[in-house]
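To keep things clear, I will list the structure first and then write my remarks on it.
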Amino acid sequence: NTAGPSLTIRATPSTGGTSVGSVADGAKVTITCQKHGSQVTGTYGTTTLWDFIGKGYVSDAYVNTGADGQIAPTCN
């Protein structure tokens, strides 16, 4: 939930990671695993948690998981 713009998918769990695509605002994603990376402030607060969605990582600060904190296994 970005309130409009697409959410950038990154190759690494970092705002400096290479962009490998994007997800439209409001799209459903499947979280395979999660990993801590750079800190991001977004729609759902401030976090260092990033969600791996198959192609790369998106900040958990923009994903409505229904919980605060990690909800999937840690990425290797």
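Chain identifiers are assigned as A, B, and so on, following the order in which chains appear in the structure tokens; residues are numbered from 1 within each chain, and ligands are numbered from 1 in order of appearance.
Neighbouring residues of Gly42 of chain A at 10 Å or closer, counting only C-alpha atoms and skipping chain neighbours under 4 positions away, are A:Asn1, A:Thr2, A:Ala3, A:Thr46, A:Thr47, A:Ser59, A:Asp60, A:Ala61, A:Tyr62, A:Val63.
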Go ahead and save the residues from that selection, with N, CA, C and O atoms, as an mmCIF file, in the first residue's frame.
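selection02.cif, freshly written:
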```cif
data_model
loop_
_atom_site.group_PDB
_atom_site.id
_atom_site.type_symbol
_atom_site.label_atom_id
_atom_site.label_comp_id
_atom_site.auth_asym_id
_atom_site.auth_seq_id
_atom_site.Cartn_x
_atom_site.Cartn_y
_atom_site.Cartn_z
ATOM 1 N N ASN A 1 0.843 -1.181 0.000
ATOM 2 C CA ASN A 1 0.000 0.000 0.000
ATOM 3 C C ASN A 1 0.888 1.243 0.000
ATOM 4 O O ASN A 1 1.393 1.642 1.027
ATOM 5 N N THR A 2 1.067 1.814 -1.164
ATOM 6 C CA THR A 2 1.920 2.995 -1.303
ATOM 7 C C THR A 2 1.106 4.274 -1.464
ATOM 8 O O THR A 2 1.674 5.335 -1.686
ATOM 9 N N ALA A 3 -0.213 4.152 -1.432
ATOM 10 C CA ALA A 3 -1.110 5.286 -1.641
ATOM 11 C C ALA A 3 -0.959 5.876 -3.041
ATOM 12 O O ALA A 3 -1.084 7.073 -3.239
ATOM 13 N N THR A 46 7.869 2.342 10.460
ATOM 14 C CA THR A 46 9.301 2.285 10.168
ATOM 15 C C THR A 46 9.810 0.900 10.519
ATOM 16 O O THR A 46 9.529 0.384 11.600
ATOM 17 N N THR A 47 10.573 0.292 9.612
ATOM 18 C CA THR A 47 11.073 -1.062 9.826
ATOM 19 C C THR A 47 12.358 -1.311 9.051
ATOM 20 O O THR A 47 12.648 -0.596 8.092
ATOM 21 N N SER A 59 10.100 -3.493 0.862
ATOM 22 C CA SER A 59 10.090 -3.151 2.279
ATOM 23 C C SER A 59 8.755 -3.525 2.911
ATOM 24 O O SER A 59 7.684 -3.233 2.366
ATOM 25 N N ASP A 60 8.832 -4.157 4.085
ATOM 26 C CA ASP A 60 7.627 -4.536 4.830
ATOM 27 C C ASP A 60 6.843 -3.305 5.293
ATOM 28 O O ASP A 60 5.676 -3.420 5.649
ATOM 29 N N ALA A 61 7.458 -2.124 5.246
ATOM 30 C CA ALA A 61 6.793 -0.884 5.643
ATOM 31 C C ALA A 61 5.611 -0.559 4.730
ATOM 32 O O ALA A 61 4.761 0.255 5.080
ATOM 33 N N TYR A 62 5.543 -1.194 3.561
ATOM 34 C CA TYR A 62 4.461 -0.944 2.608
ATOM 35 C C TYR A 62 3.548 -2.153 2.404
ATOM 36 O O TYR A 62 2.650 -2.110 1.566
ATOM 37 N N VAL A 63 3.782 -3.239 3.148
ATOM 38 C CA VAL A 63 3.016 -4.470 2.956
ATOM 39 C C VAL A 63 2.124 -4.722 4.177
ATOM 40 O O VAL A 63 2.618 -4.793 5.305
#
```
(request) Please provide the set of residues having any atom within 9 Å of Ile53 of chain A, restricted to only C-alpha atoms, with same-chain residues fewer than 6 positions apart removed, written as a ChimeraX atom specification. (result) /A:9,29-34
Selected residues written out with C-alpha atoms, as a PDB file, in the first residue's frame:
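Wrote it out as result-v4.pdb, contents follow:
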```
ATOM      1  CA  ILE A   9      11.263  -4.543  -6.045  1.00  0.00           C
ATOM      2  CA  VAL A  29       2.071 -10.499  -3.126  1.00  0.00           C
ATOM      3  CA  THR A  30       3.291 -13.823  -1.731  1.00  0.00           C
ATOM      4  CA  ILE A  31       6.037 -13.495   0.871  1.00  0.00           C
ATOM      5  CA  THR A  32       8.476 -16.412   0.561  1.00  0.00           C
ATOM      6  CA  CYS A  33      10.813 -15.276   3.344  1.00  0.00           C
ATOM      7  CA  GLN A  34      11.953 -12.125   5.139  1.00  0.00           C
TER       8      GLN A  34
END
```
(message) List the spatial neighbours of Leu7 of chain A as a ChimeraX atom specification - criterion: any atom at most 7 Å away, only C-alpha atoms, same-chain residues fewer than 5 positions off excluded.
(response) /A:2,22-25
Those same residues, written as a compact mmCIF listing (two decimals), in the first residue's frame with C-alpha atoms?
```
# COMPACT_ATOMS: atom_id res chain seq x y z
CA THR A 2 1.92 2.99 -1.30
CA SER A 22 7.79 -3.09 -9.42
CA VAL A 23 4.45 -4.03 -7.90
CA ALA A 24 1.31 -1.98 -8.46
CA ASP A 25 -0.23 -0.25 -5.45
```
(request) Find the residues around Arg10 of chain A up to 8 Å (only C-alpha atoms counted), leave out those fewer than 5 positions away in its own chain, and share them as a ChimeraX atom specification. (result) /A:15,17-21,56-58
(request) Go through A:Gly45, A:His36, A:Gly4, A:Gly26 one by one, measure the shortest atom-to-atom distance of each to Cys75 of chain A using only C-alpha atoms, and give the residue with the smallest value. (result) A:His36
(message) Between atom CA of Ala11 of chain A and atom CA of Lys55 of chain A, what is the distance in Å, rounded to a tenth?
(response) 7.7 Å
(request) Identify which of the residues A:Gly54, A:Lys35, A:Pro13, A:Lys28 lies closest to Ala72 of chain A, counting only C-alpha atoms when measuring atom-to-atom distances. (result) A:Lys35
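The two atoms in question, atom CA of Pro5 of chain A and atom CA of Pro73 of chain A, are spaced 28.0 Å apart.
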(request) Give the strand (DSSP E) residues of chain A, as DSSP finds them on the backbone, and put them as a ChimeraX atom specification. (result) /A:7-10,19-23,33-42,45-52,57-59
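Of the listed residues (A:Gly16, A:Asn76, A:Asn64, A:Phe52), A:Gly16 comes nearest to Val40 of chain A; the distances count only C-alpha atoms.
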(message) What's the separation between atom CA of Thr74 of chain A and atom CA of Ser38 of chain A, in Å to one decimal place?
(response) 15.6 Å
